[in-house]
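Here is the file start_28.cif (mmCIF, C-alpha atoms).
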```
data_my_file
#
loop_
_atom_site.group_PDB
_atom_site.id
_atom_site.type_symbol
_atom_site.label_atom_id
_atom_site.label_comp_id
_atom_site.auth_asym_id
_atom_site.auth_seq_id
_atom_site.Cartn_x
_atom_site.Cartn_y
_atom_site.Cartn_z
ATOM 1 C CA MET A 1 0.000 0.000 0.000
ATOM 2 C CA GLU A 2 1.182 3.519 -0.801
ATOM 3 C CA SER A 3 2.923 5.275 2.081
ATOM 4 C CA PHE A 4 3.109 8.974 2.851
ATOM 5 C CA LYS A 5 4.881 11.156 5.399
ATOM 6 C CA ALA A 6 3.377 12.696 8.524
ATOM 7 C CA LEU A 7 4.552 14.393 11.700
ATOM 8 C CA VAL A 8 3.617 12.064 14.551
ATOM 9 C CA VAL A 9 3.506 12.978 18.241
ATOM 10 C CA ASP A 10 3.832 10.129 20.709
ATOM 11 C CA LYS A 11 3.847 10.195 24.510
ATOM 12 C CA LEU A 12 5.709 8.007 26.981
ATOM 13 C CA ASN A 13 6.190 8.602 30.712
ATOM 14 C CA ASN A 14 4.754 12.134 30.467
ATOM 15 C CA GLU A 15 7.223 13.071 27.721
ATOM 16 C CA THR A 16 6.332 13.691 24.100
ATOM 17 C CA LYS A 17 8.415 12.762 21.078
ATOM 18 C CA LEU A 18 7.978 14.171 17.571
ATOM 19 C CA SER A 19 9.092 12.277 14.480
ATOM 20 C CA ILE A 20 8.454 12.122 10.743
ATOM 21 C CA GLN A 21 6.954 8.704 9.987
ATOM 22 C CA ASP A 22 5.700 6.793 6.960
ATOM 23 C CA LEU A 23 1.967 6.046 7.267
ATOM 24 C CA THR A 24 -0.594 4.353 5.034
ATOM 25 C CA LEU A 25 -4.341 4.842 4.608
ATOM 26 C CA ASN A 26 -4.865 2.060 7.166
ATOM 27 C CA ASP A 27 -3.307 4.326 9.801
ATOM 28 C CA LEU A 28 -5.796 7.142 9.211
ATOM 29 C CA PRO A 29 -9.070 7.561 11.131
ATOM 30 C CA ASP A 30 -12.429 7.033 9.464
ATOM 31 C CA GLY A 31 -13.936 9.649 7.186
ATOM 32 C CA ASP A 32 -15.875 10.191 3.968
ATOM 33 C CA VAL A 33 -13.226 12.047 1.987
ATOM 34 C CA VAL A 34 -9.525 11.358 1.351
ATOM 35 C CA ILE A 35 -7.465 14.472 0.608
ATOM 36 C CA ASN A 36 -3.974 14.952 -0.784
ATOM 37 C CA VAL A 37 -2.797 17.685 1.566
ATOM 38 C CA HIS A 38 -0.782 20.423 -0.122
ATOM 39 C CA TYR A 39 -0.512 22.910 2.747
ATOM 40 C CA SER A 40 -1.205 23.278 6.446
ATOM 41 C CA SER A 41 -0.326 26.048 8.879
ATOM 42 C CA VAL A 42 0.991 26.614 12.389
ATOM 43 C CA ASN A 43 -1.284 27.868 15.165
ATOM 44 C CA TYR A 44 -0.791 28.187 18.917
ATOM 45 C CA LYS A 45 -3.005 25.132 19.450
ATOM 46 C CA ASP A 46 -0.677 23.128 17.180
ATOM 47 C CA GLY A 47 2.208 24.023 19.456
ATOM 48 C CA LEU A 48 0.198 22.869 22.477
ATOM 49 C CA ALA A 49 -0.463 19.546 20.727
ATOM 50 C CA THR A 50 3.267 18.770 20.777
ATOM 51 C CA ILE A 51 3.864 19.140 24.549
ATOM 52 C CA PRO A 52 2.930 16.709 27.333
ATOM 53 C CA ASN A 53 0.386 18.865 29.168
ATOM 54 C CA GLY A 54 -0.891 21.006 26.334
ATOM 55 C CA GLY A 55 -4.493 19.973 26.946
ATOM 56 C CA VAL A 56 -5.142 19.386 23.224
ATOM 57 C CA VAL A 57 -4.373 15.748 22.380
ATOM 58 C CA ARG A 58 -6.096 12.893 24.228
ATOM 59 C CA ASN A 59 -4.837 9.796 22.448
ATOM 60 C CA TYR A 60 -1.385 8.902 21.139
ATOM 61 C CA PRO A 61 0.263 8.432 18.696
ATOM 62 C CA PHE A 62 -1.280 11.426 16.951
ATOM 63 C CA VAL A 63 -0.879 13.657 13.887
ATOM 64 C CA PRO A 64 -1.410 17.366 14.768
ATOM 65 C CA GLY A 65 -2.412 20.227 12.488
ATOM 66 C CA ILE A 66 -5.761 22.010 12.927
ATOM 67 C CA ASP A 67 -5.728 23.340 9.332
ATOM 68 C CA LEU A 68 -5.301 21.792 5.911
ATOM 69 C CA ALA A 69 -5.792 22.668 2.261
ATOM 70 C CA GLY A 70 -5.560 20.164 -0.557
ATOM 71 C CA ILE A 71 -7.170 18.250 -3.393
ATOM 72 C CA VAL A 72 -9.734 15.475 -3.019
ATOM 73 C CA ARG A 73 -8.390 12.090 -4.180
ATOM 74 C CA ASP A 74 -11.357 9.912 -3.185
ATOM 75 C CA SER A 75 -14.815 10.680 -1.825
ATOM 76 C CA GLN A 76 -17.810 8.761 -0.484
ATOM 77 C CA ASP A 77 -19.582 12.107 -0.013
ATOM 78 C CA PRO A 78 -21.571 13.112 -3.127
ATOM 79 C CA ARG A 79 -20.789 16.786 -2.518
ATOM 80 C CA TYR A 80 -17.111 16.240 -3.362
ATOM 81 C CA LYS A 81 -15.285 14.532 -6.198
ATOM 82 C CA PRO A 82 -11.618 13.823 -7.025
ATOM 83 C CA GLY A 83 -9.863 16.990 -8.107
ATOM 84 C CA ASP A 84 -11.889 19.367 -5.916
ATOM 85 C CA GLU A 85 -9.818 21.962 -4.043
ATOM 86 C CA VAL A 86 -10.880 22.126 -0.393
ATOM 87 C CA ILE A 87 -10.024 23.625 3.000
ATOM 88 C CA ILE A 88 -10.642 22.490 6.565
ATOM 89 C CA THR A 89 -10.153 24.543 9.716
ATOM 90 C CA GLY A 90 -11.478 23.712 13.150
ATOM 91 C CA TYR A 91 -13.868 20.958 14.228
ATOM 92 C CA ASP A 92 -11.876 18.023 15.674
ATOM 93 C CA LEU A 93 -9.090 18.224 13.080
ATOM 94 C CA GLY A 94 -5.700 18.067 14.806
ATOM 95 C CA VAL A 95 -7.359 17.595 18.189
ATOM 96 C CA ASN A 96 -9.322 14.327 18.269
ATOM 97 C CA HIS A 97 -8.840 13.449 14.603
ATOM 98 C CA PHE A 98 -5.530 13.149 12.734
ATOM 99 C CA GLY A 99 -4.733 16.574 11.332
ATOM 100 C CA GLY A 100 -3.046 18.451 8.546
ATOM 101 C CA TYR A 101 0.606 17.607 9.254
ATOM 102 C CA SER A 102 0.301 14.655 6.897
ATOM 103 C CA GLU A 103 0.617 14.326 3.132
ATOM 104 C CA VAL A 104 -2.747 12.530 3.090
ATOM 105 C CA ALA A 105 -5.776 13.040 5.346
ATOM 106 C CA ARG A 106 -9.154 11.337 5.665
ATOM 107 C CA VAL A 107 -11.951 13.481 7.090
ATOM 108 C CA PRO A 108 -15.726 13.776 7.448
ATOM 109 C CA GLY A 109 -17.278 15.575 4.494
ATOM 110 C CA ASP A 110 -19.251 17.834 6.865
ATOM 111 C CA TRP A 111 -16.016 19.600 7.862
ATOM 112 C CA ILE A 112 -15.043 20.608 4.333
ATOM 113 C CA VAL A 113 -15.191 24.105 2.823
ATOM 114 C CA PRO A 114 -14.787 24.293 -0.969
ATOM 115 C CA LEU A 115 -11.910 26.621 -1.848
ATOM 116 C CA PRO A 116 -13.601 29.919 -2.798
ATOM 117 C CA ASN A 117 -12.772 31.773 -5.998
ATOM 118 C CA GLY A 118 -10.097 34.367 -5.292
ATOM 119 C CA LEU A 119 -7.917 32.181 -3.061
ATOM 120 C CA THR A 120 -5.240 29.609 -3.829
ATOM 121 C CA LEU A 121 -4.666 26.645 -1.526
ATOM 122 C CA LYS A 122 -1.485 28.305 -0.303
ATOM 123 C CA GLU A 123 -3.221 31.600 0.415
ATOM 124 C CA ALA A 124 -5.977 29.763 2.288
ATOM 125 C CA MET A 125 -3.375 28.352 4.671
ATOM 126 C CA ALA A 126 -1.665 31.724 5.032
ATOM 127 C CA ILE A 127 -5.058 32.677 6.458
ATOM 128 C CA GLY A 128 -5.849 29.395 8.254
ATOM 129 C CA THR A 129 -7.534 29.199 11.642
ATOM 130 C CA ALA A 130 -5.800 32.341 12.891
ATOM 131 C CA GLY A 131 -6.937 34.430 9.944
ATOM 132 C CA PHE A 132 -10.412 32.915 10.004
ATOM 133 C CA THR A 133 -10.646 33.786 13.709
ATOM 134 C CA ALA A 134 -9.581 37.358 12.971
ATOM 135 C CA ALA A 135 -12.155 37.640 10.182
ATOM 136 C CA LEU A 136 -14.893 36.155 12.366
ATOM 137 C CA SER A 137 -13.994 38.663 15.094
ATOM 138 C CA ILE A 138 -14.321 41.579 12.667
ATOM 139 C CA HIS A 139 -17.555 40.153 11.273
ATOM 140 C CA ARG A 140 -19.089 39.948 14.763
ATOM 141 C CA LEU A 141 -17.887 43.475 15.630
ATOM 142 C CA GLU A 142 -19.562 44.784 12.488
ATOM 143 C CA GLU A 143 -22.752 42.872 13.311
ATOM 144 C CA ASN A 144 -22.722 44.811 16.581
ATOM 145 C CA GLY A 145 -22.456 48.198 14.919
ATOM 146 C CA LEU A 146 -18.778 48.776 14.139
ATOM 147 C CA THR A 147 -18.041 50.932 11.106
ATOM 148 C CA SER A 148 -14.859 52.706 10.082
ATOM 149 C CA GLU A 149 -16.460 56.057 10.936
ATOM 150 C CA LYS A 150 -16.839 55.069 14.605
ATOM 151 C CA GLY A 151 -13.112 55.415 15.339
ATOM 152 C CA PRO A 152 -9.924 53.373 15.718
ATOM 153 C CA VAL A 153 -9.895 49.643 16.474
ATOM 154 C CA LEU A 154 -7.412 48.136 18.937
ATOM 155 C CA VAL A 155 -5.754 44.821 18.091
ATOM 156 C CA THR A 156 -3.848 43.039 20.860
ATOM 157 C CA GLY A 157 -1.050 40.538 20.258
ATOM 158 C CA ALA A 158 -0.634 42.306 16.942
ATOM 159 C CA THR A 159 2.401 40.404 15.645
ATOM 160 C CA GLY A 160 0.834 36.988 16.271
ATOM 161 C CA GLY A 161 -1.281 34.970 13.862
ATOM 162 C CA VAL A 162 -4.721 36.321 14.815
ATOM 163 C CA GLY A 163 -3.376 39.789 15.566
ATOM 164 C CA SER A 164 -1.399 40.338 12.375
ATOM 165 C CA SER A 165 -4.282 38.970 10.310
ATOM 166 C CA ALA A 166 -6.720 41.322 12.044
ATOM 167 C CA VAL A 167 -4.460 44.352 11.526
ATOM 168 C CA SER A 168 -4.150 43.615 7.821
ATOM 169 C CA MET A 169 -7.856 42.859 7.314
ATOM 170 C CA LEU A 170 -9.073 45.904 9.241
ATOM 171 C CA SER A 171 -6.734 48.137 7.272
ATOM 172 C CA LYS A 172 -7.984 46.615 4.007
ATOM 173 C CA LEU A 173 -11.559 47.413 5.093
ATOM 174 C CA GLY A 174 -10.676 51.052 5.773
ATOM 175 C CA TYR A 175 -10.334 51.021 9.561
ATOM 176 C CA LYS A 176 -7.727 52.935 11.516
ATOM 177 C CA VAL A 177 -5.851 50.342 13.580
ATOM 178 C CA THR A 178 -3.996 50.653 16.886
ATOM 179 C CA ALA A 179 -1.657 47.668 17.234
ATOM 180 C CA SER A 180 -0.609 46.499 20.694
ATOM 181 C CA SER A 181 2.592 44.431 20.834
ATOM 182 C CA ARG A 182 5.434 43.914 23.282
ATOM 183 C CA LYS A 183 7.796 43.520 20.307
ATOM 184 C CA ALA A 184 8.981 47.097 19.841
ATOM 185 C CA LYS A 185 11.379 46.052 17.068
ATOM 186 C CA GLU A 186 8.405 45.038 14.876
ATOM 187 C CA GLN A 187 6.966 48.531 14.435
ATOM 188 C CA ASP A 188 8.012 48.649 10.784
ATOM 189 C CA TYR A 189 6.322 45.287 10.189
ATOM 190 C CA LEU A 190 3.106 46.462 11.856
ATOM 191 C CA ARG A 191 3.032 49.630 9.774
ATOM 192 C CA GLN A 192 3.688 47.574 6.651
ATOM 193 C CA ILE A 193 0.605 45.400 7.259
ATOM 194 C CA GLY A 194 -1.634 48.357 8.051
ATOM 195 C CA ALA A 195 -1.287 49.664 11.615
ATOM 196 C CA SER A 196 -1.501 53.437 11.981
ATOM 197 C CA GLU A 197 -0.569 53.545 15.677
ATOM 198 C CA MET A 198 1.474 51.268 17.943
ATOM 199 C CA ILE A 199 1.307 50.863 21.712
ATOM 200 C CA THR A 200 2.860 48.413 24.152
ATOM 201 C CA PRO A 201 0.824 46.223 26.531
ATOM 202 C CA GLU A 202 2.340 48.229 29.379
ATOM 203 C CA GLU A 203 0.187 51.143 28.242
ATOM 204 C CA LEU A 204 -2.912 49.058 28.943
ATOM 205 C CA THR A 205 -2.765 49.688 32.675
ATOM 206 C CA ASN A 206 -5.111 51.184 35.242
ATOM 207 C CA PRO A 207 -2.991 51.933 38.338
ATOM 208 C CA LYS A 208 -5.841 53.698 40.172
ATOM 209 C CA ASN A 209 -8.314 50.902 39.361
ATOM 210 C CA ARG A 210 -10.857 53.289 37.925
ATOM 211 C CA PRO A 211 -14.016 51.536 36.708
ATOM 212 C CA LEU A 212 -14.036 53.649 33.528
ATOM 213 C CA LEU A 213 -11.184 55.221 31.572
ATOM 214 C CA LYS A 214 -10.898 57.605 28.637
ATOM 215 C CA GLN A 215 -12.844 56.309 25.624
ATOM 216 C CA ARG A 216 -10.031 55.484 23.188
ATOM 217 C CA TRP A 217 -11.249 52.798 20.773
ATOM 218 C CA ALA A 218 -14.459 51.963 18.948
ATOM 219 C CA ALA A 219 -13.754 48.249 19.285
ATOM 220 C CA CYS A 220 -11.053 45.664 19.946
ATOM 221 C CA VAL A 221 -9.947 42.359 18.437
ATOM 222 C CA ASP A 222 -8.440 40.575 21.447
ATOM 223 C CA PRO A 223 -6.711 37.185 21.184
ATOM 224 C CA VAL A 224 -4.741 37.912 24.395
ATOM 225 C CA ALA A 225 -7.258 38.608 27.213
ATOM 226 C CA GLY A 226 -5.927 38.169 30.771
ATOM 227 C CA SER A 227 -5.109 41.230 32.857
ATOM 228 C CA TYR A 228 -5.331 43.603 29.882
ATOM 229 C CA LEU A 229 -8.985 42.863 29.159
ATOM 230 C CA PRO A 230 -10.497 44.908 32.029
ATOM 231 C CA VAL A 231 -8.481 47.974 30.937
ATOM 232 C CA ILE A 232 -9.637 47.508 27.339
ATOM 233 C CA LEU A 233 -13.274 47.195 28.401
ATOM 234 C CA ALA A 234 -12.950 50.402 30.435
ATOM 235 C CA SER A 235 -11.466 52.208 27.410
ATOM 236 C CA ILE A 236 -13.993 51.272 24.709
ATOM 237 C CA GLN A 237 -16.274 53.966 23.336
ATOM 238 C CA TYR A 238 -19.973 54.044 24.140
ATOM 239 C CA GLY A 239 -21.741 51.141 22.429
ATOM 240 C CA GLY A 240 -18.487 49.557 21.271
ATOM 241 C CA SER A 241 -17.464 45.930 21.470
ATOM 242 C CA VAL A 242 -14.530 43.687 22.354
ATOM 243 C CA ALA A 243 -14.191 40.385 20.469
ATOM 244 C CA VAL A 244 -12.237 37.885 22.590
ATOM 245 C CA SER A 245 -10.826 34.812 20.850
ATOM 246 C CA GLY A 246 -7.771 33.718 22.850
ATOM 247 C CA LEU A 247 -6.054 33.517 26.194
ATOM 248 C CA THR A 248 -2.329 33.956 25.628
ATOM 249 C CA GLY A 249 -2.428 36.588 28.388
ATOM 250 C CA GLY A 250 -4.318 34.315 30.791
ATOM 251 C CA ASN A 251 -7.764 32.762 31.140
ATOM 252 C CA ASN A 252 -9.012 34.882 34.041
ATOM 253 C CA PHE A 253 -9.875 38.558 34.392
ATOM 254 C CA THR A 254 -11.567 40.757 36.971
ATOM 255 C CA SER A 255 -13.737 43.660 35.901
ATOM 256 C CA THR A 256 -16.628 45.789 37.063
ATOM 257 C CA VAL A 257 -20.017 45.969 35.369
ATOM 258 C CA PHE A 258 -19.645 49.709 34.691
ATOM 259 C CA PRO A 259 -18.422 49.455 31.063
ATOM 260 C CA PHE A 260 -21.477 47.314 30.307
ATOM 261 C CA ILE A 261 -24.185 49.275 32.145
ATOM 262 C CA LEU A 262 -22.877 52.837 31.756
ATOM 263 C CA ARG A 263 -21.378 52.673 28.249
ATOM 264 C CA GLY A 264 -23.275 49.765 26.722
ATOM 265 C CA VAL A 265 -20.051 47.905 25.887
ATOM 266 C CA ASN A 266 -20.391 44.396 24.435
ATOM 267 C CA LEU A 267 -18.065 41.495 25.237
ATOM 268 C CA LEU A 268 -18.221 39.069 22.316
ATOM 269 C CA GLY A 269 -16.910 35.516 22.527
ATOM 270 C CA ILE A 270 -15.361 34.228 19.303
ATOM 271 C CA ASP A 271 -15.268 30.487 18.620
ATOM 272 C CA SER A 272 -13.885 29.493 15.225
ATOM 273 C CA VAL A 273 -13.791 25.743 15.938
ATOM 274 C CA PHE A 274 -17.513 24.945 15.774
ATOM 275 C CA CYS A 275 -18.627 28.046 13.901
ATOM 276 C CA PRO A 276 -21.825 27.105 11.987
ATOM 277 C CA MET A 277 -21.160 26.137 8.370
ATOM 278 C CA GLU A 278 -23.440 28.860 6.985
ATOM 279 C CA THR A 279 -21.380 31.527 8.761
ATOM 280 C CA ARG A 280 -18.136 29.721 7.962
ATOM 281 C CA LEU A 281 -18.848 29.760 4.225
ATOM 282 C CA ALA A 282 -19.796 33.455 4.334
ATOM 283 C CA ILE A 283 -16.578 34.359 6.161
ATOM 284 C CA TRP A 284 -14.430 32.436 3.656
ATOM 285 C CA GLU A 285 -16.142 34.289 0.815
ATOM 286 C CA ARG A 286 -15.219 37.589 2.484
ATOM 287 C CA LEU A 287 -11.675 36.322 2.985
ATOM 288 C CA ALA A 288 -11.417 35.622 -0.729
ATOM 289 C CA GLY A 289 -12.621 39.148 -1.515
ATOM 290 C CA GLU A 290 -12.865 42.329 0.524
ATOM 291 C CA MET A 291 -11.038 40.922 3.560
ATOM 292 C CA LYS A 292 -8.141 39.289 1.725
ATOM 293 C CA PRO A 293 -4.985 40.969 3.072
ATOM 294 C CA ASN A 294 -2.859 42.837 0.557
ATOM 295 C CA GLN A 295 0.345 40.957 -0.319
ATOM 296 C CA LEU A 296 -0.862 38.083 1.854
ATOM 297 C CA LEU A 297 1.982 35.690 1.091
ATOM 298 C CA GLU A 298 4.684 38.357 0.965
ATOM 299 C CA SER A 299 3.819 40.337 4.076
ATOM 300 C CA ILE A 300 2.526 37.989 6.786
ATOM 301 C CA ALA A 301 3.343 34.423 5.703
ATOM 302 C CA ASN A 302 6.457 32.288 6.171
ATOM 303 C CA GLU A 303 6.945 28.784 4.766
ATOM 304 C CA VAL A 304 8.367 25.648 6.427
ATOM 305 C CA THR A 305 8.564 21.897 5.805
ATOM 306 C CA LEU A 306 7.401 18.954 7.932
ATOM 307 C CA GLU A 307 10.985 18.449 9.073
ATOM 308 C CA GLN A 308 11.162 22.010 10.407
ATOM 309 C CA LEU A 309 7.892 21.792 12.334
ATOM 310 C CA PRO A 310 9.224 20.599 15.730
ATOM 311 C CA GLU A 311 11.390 23.702 16.065
ATOM 312 C CA VAL A 312 8.645 25.976 14.751
ATOM 313 C CA CYS A 313 6.169 24.612 17.310
ATOM 314 C CA LYS A 314 8.610 25.493 20.082
ATOM 315 C CA LYS A 315 8.860 29.032 18.744
ATOM 316 C CA ILE A 316 5.127 29.636 18.664
ATOM 317 C CA LEU A 317 4.794 28.449 22.278
ATOM 318 C CA ASN A 318 7.577 30.850 23.276
ATOM 319 C CA GLY A 319 5.904 33.789 21.533
ATOM 320 C CA GLU A 320 8.737 34.050 19.004
ATOM 321 C CA MET A 321 6.629 33.834 15.841
ATOM 322 C CA LYS A 322 5.643 36.717 13.586
ATOM 323 C CA GLY A 323 2.696 36.646 11.219
ATOM 324 C CA ARG A 324 1.549 33.341 9.781
ATOM 325 C CA THR A 325 3.533 30.193 8.996
ATOM 326 C CA ILE A 326 2.568 27.832 6.172
ATOM 327 C CA VAL A 327 3.564 24.151 6.147
ATOM 328 C CA THR A 328 4.312 22.843 2.647
ATOM 329 C CA LEU A 329 3.543 19.156 2.084
ATOM 330 C CA LYS A 330 3.619 18.883 -1.726
#
```

Starting from the file, give its structure as structure tokens.
Amino acid sequence: MESFKALVVDKLNNETKLSIQDLTLNDLPDGDVVINVHYSSVNYKDGLATIPNGGVVRNYPFVPGIDLAGIVRDSQDPRYKPGDEVIITGYDLGVNHFGGYSEVARVPGDWIVPLPNGLTLKEAMAIGTAGFTAALSIHRLEENGLTSEKGPVLVTGATGGVGSSAVSMLSKLGYKVTASSRKAKEQDYLRQIGASEMITPEELTNPKNRPLLKQRWAACVDPVAGSYLPVILASIQYGGSVAVSGLTGGNNFTSTVFPFILRGVNLLGIDSVFCPMETRLAIWERLAGEMKPNQLLESIANEVTLEQLPEVCKKILNGEMKGRTIVTLK
């Protein structure tokens, strides 16, 4: 039987080991559609999948990778046929089901998004889960009244995957963007992808613990959360919103109700994993059109191989990554 390469994580005595292995179709989990994977990408959750207590993987050995883009080679699902270009982000891919760090994947047809016109497979993975999460955040902010005339939008963790994608997409849509990053040396990069103002997280402080602060931003895309979130909530304009999608700054925060009851601020939770398919398809159409970042591959995407992934996963866990990283499998 034909073999193909995959990055496999195994666990023994509370230690994980990563290796490139030859697998066959018999090694893959059940599914309706077999895909020749051309590209995947690297997300924070993928990094967590490679460490012993990352809280992502339950059963070993396992193939990580929560994103993939490729071409259908065989399908039991009538919606898809050999030769179709497809994308998958989210669901159980790379968590409870072998993921995109494999030259071949077998998946349920219900997880598949047809590649929209306006995107290549490579560009789709330069967007990936992080970019989809950024786009979903912006979409939900706009559903709650955000327009470019309302004022600047704050993006936290601005050099990361979600953050850099959000900066670029907001700029493309005509918003003025304030980028928050602890990486002062990346100011040129942030301006290049569309930021008009840069601040450091240290500026998001409230030493006197005031329940409300100066109204600085119309909205915020926040993949960081933690101790900065209460300050952001207290600094959002009347009727504005904060879209929270991550917890790299911590999973707890303490706030008052004043931003909500005196300024009508909305706290929006963003989940890209089980986003309904109707919304998912609409977001990908926007990503192929008005939201597609300018110079997507040149400005925010890097490219690596399967063999380079172990080191790259370490970097993303250490906060050393910039922009988006594509994994090339073909």

| field | Resolved residues for the PyMOL selection byres ((chain A and resi 39) around 7) as a PyMOL selection string | value | chain A and resi 37-38+40-41+68-70+122+125+326-329

What are the nearest atom pairs, with distances in Å to one decimal, for all residues of region 239-259 of chain A that come at most 9 Å from region 139-160 of chain A, using only C-alpha atoms, set out by chain and rising residue number as CSV?
```
residue,atom,partner,partner_atom,distance
A:Gly239,CA,A:Gly145,CA,8.1
A:Gly240,CA,A:Leu146,CA,7.2
A:Ser241,CA,A:Leu141,CA,6.3
A:Val242,CA,A:Leu141,CA,7.5
A:Ala243,CA,A:Leu141,CA,6.8
A:Thr248,CA,A:Gly157,CA,8.6
```

How about saving the chosen residues, C-alpha atoms kept, as a compact mmCIF listing (two decimals), in the frame of the given file?
```txt
# COMPACT_ATOMS: atom_id res chain seq x y z
CA GLY A 239 -21.74 51.14 22.43
CA GLY A 240 -18.49 49.56 21.27
CA SER A 241 -17.46 45.93 21.47
CA VAL A 242 -14.53 43.69 22.35
CA ALA A 243 -14.19 40.38 20.47
CA THR A 248 -2.33 33.96 25.63
```

If you count all atoms listed in the file, which residues fall within 12 Å of Phe260 (chain A), apart from same-chain ones fewer than 4 positions away, as a JSON list (two decimals) with C-alpha atoms, in the coordinates of the input?
```json
[["chain", "number", "residue", "atom", "x", "y", "z"],
["A", 211, "PRO", "CA", -14.02, 51.54, 36.71],
["A", 212, "LEU", "CA", -14.04, 53.65, 33.53],
["A", 230, "PRO", "CA", -10.50, 44.91, 32.03],
["A", 233, "LEU", "CA", -13.27, 47.20, 28.40],
["A", 234, "ALA", "CA", -12.95, 50.40, 30.44],
["A", 235, "SER", "CA", -11.47, 52.21, 27.41],
["A", 236, "ILE", "CA", -13.99, 51.27, 24.71],
["A", 237, "GLN", "CA", -16.27, 53.97, 23.34],
["A", 238, "TYR", "CA", -19.97, 54.04, 24.14],
["A", 239, "GLY", "CA", -21.74, 51.14, 22.43],
["A", 240, "GLY", "CA", -18.49, 49.56, 21.27],
["A", 241, "SER", "CA", -17.46, 45.93, 21.47],
["A", 242, "VAL", "CA", -14.53, 43.69, 22.35],
["A", 255, "SER", "CA", -13.74, 43.66, 35.90],
["A", 256, "THR", "CA", -16.63, 45.79, 37.06],
["A", 264, "GLY", "CA", -23.28, 49.76, 26.72],
["A", 265, "VAL", "CA", -20.05, 47.90, 25.89],
["A", 266, "ASN", "CA", -20.39, 44.40, 24.44],
["A", 267, "LEU", "CA", -18.07, 41.50, 25.24],
["A", 268, "LEU", "CA", -18.22, 39.07, 22.32]]
```

| Nearest-residue call for Ala195 (chain A), choices A:Met169, A:Val42, A:Ala225, A:Leu213, using all atoms listed in the file | A:Met169

| query | Using all atoms listed in the file, which residue out of A:Asp46, A:Ile35, A:Met277, A:Val56 lies closest to Glu85 (chain A)? | reply | A:Ile35

| Pick from A:Ser171, A:Gly109, A:Glu202, A:Asn96, whichever lies nearest to Gly55 (chain A) using all atoms listed in the file |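 Residue with the minimum atom-to-atom distance to Gly55 (chain A): A:Asn96.
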
Result set of the PyMOL selection byres ((chain A and resi 299) around 10) on the coordinates above, as a PDB file with C-alpha atoms, in the coordinates of the input:
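part.pdb, freshly written:
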```
ATOM      1  CA  SER A 164      -1.399  40.338  12.375  1.00  0.00           C
ATOM      2  CA  SER A 168      -4.150  43.615   7.821  1.00  0.00           C
ATOM      3  CA  TYR A 189       6.322  45.287  10.189  1.00  0.00           C
ATOM      4  CA  LEU A 190       3.106  46.462  11.856  1.00  0.00           C
ATOM      5  CA  GLN A 192       3.688  47.574   6.651  1.00  0.00           C
ATOM      6  CA  ILE A 193       0.605  45.400   7.259  1.00  0.00           C
ATOM      7  CA  PRO A 293      -4.985  40.969   3.072  1.00  0.00           C
ATOM      8  CA  ASN A 294      -2.859  42.837   0.557  1.00  0.00           C
ATOM      9  CA  GLN A 295       0.345  40.957  -0.319  1.00  0.00           C
ATOM     10  CA  LEU A 296      -0.862  38.083   1.854  1.00  0.00           C
ATOM     11  CA  LEU A 297       1.982  35.690   1.091  1.00  0.00           C
ATOM     12  CA  GLU A 298       4.684  38.357   0.965  1.00  0.00           C
ATOM     13  CA  ILE A 300       2.526  37.989   6.786  1.00  0.00           C
ATOM     14  CA  ALA A 301       3.343  34.423   5.703  1.00  0.00           C
ATOM     15  CA  ASN A 302       6.457  32.288   6.171  1.00  0.00           C
ATOM     16  CA  GLY A 323       2.696  36.646  11.219  1.00  0.00           C
ATOM     17  CA  ARG A 324       1.549  33.341   9.781  1.00  0.00           C
TER      18      ARG A 324
END
```
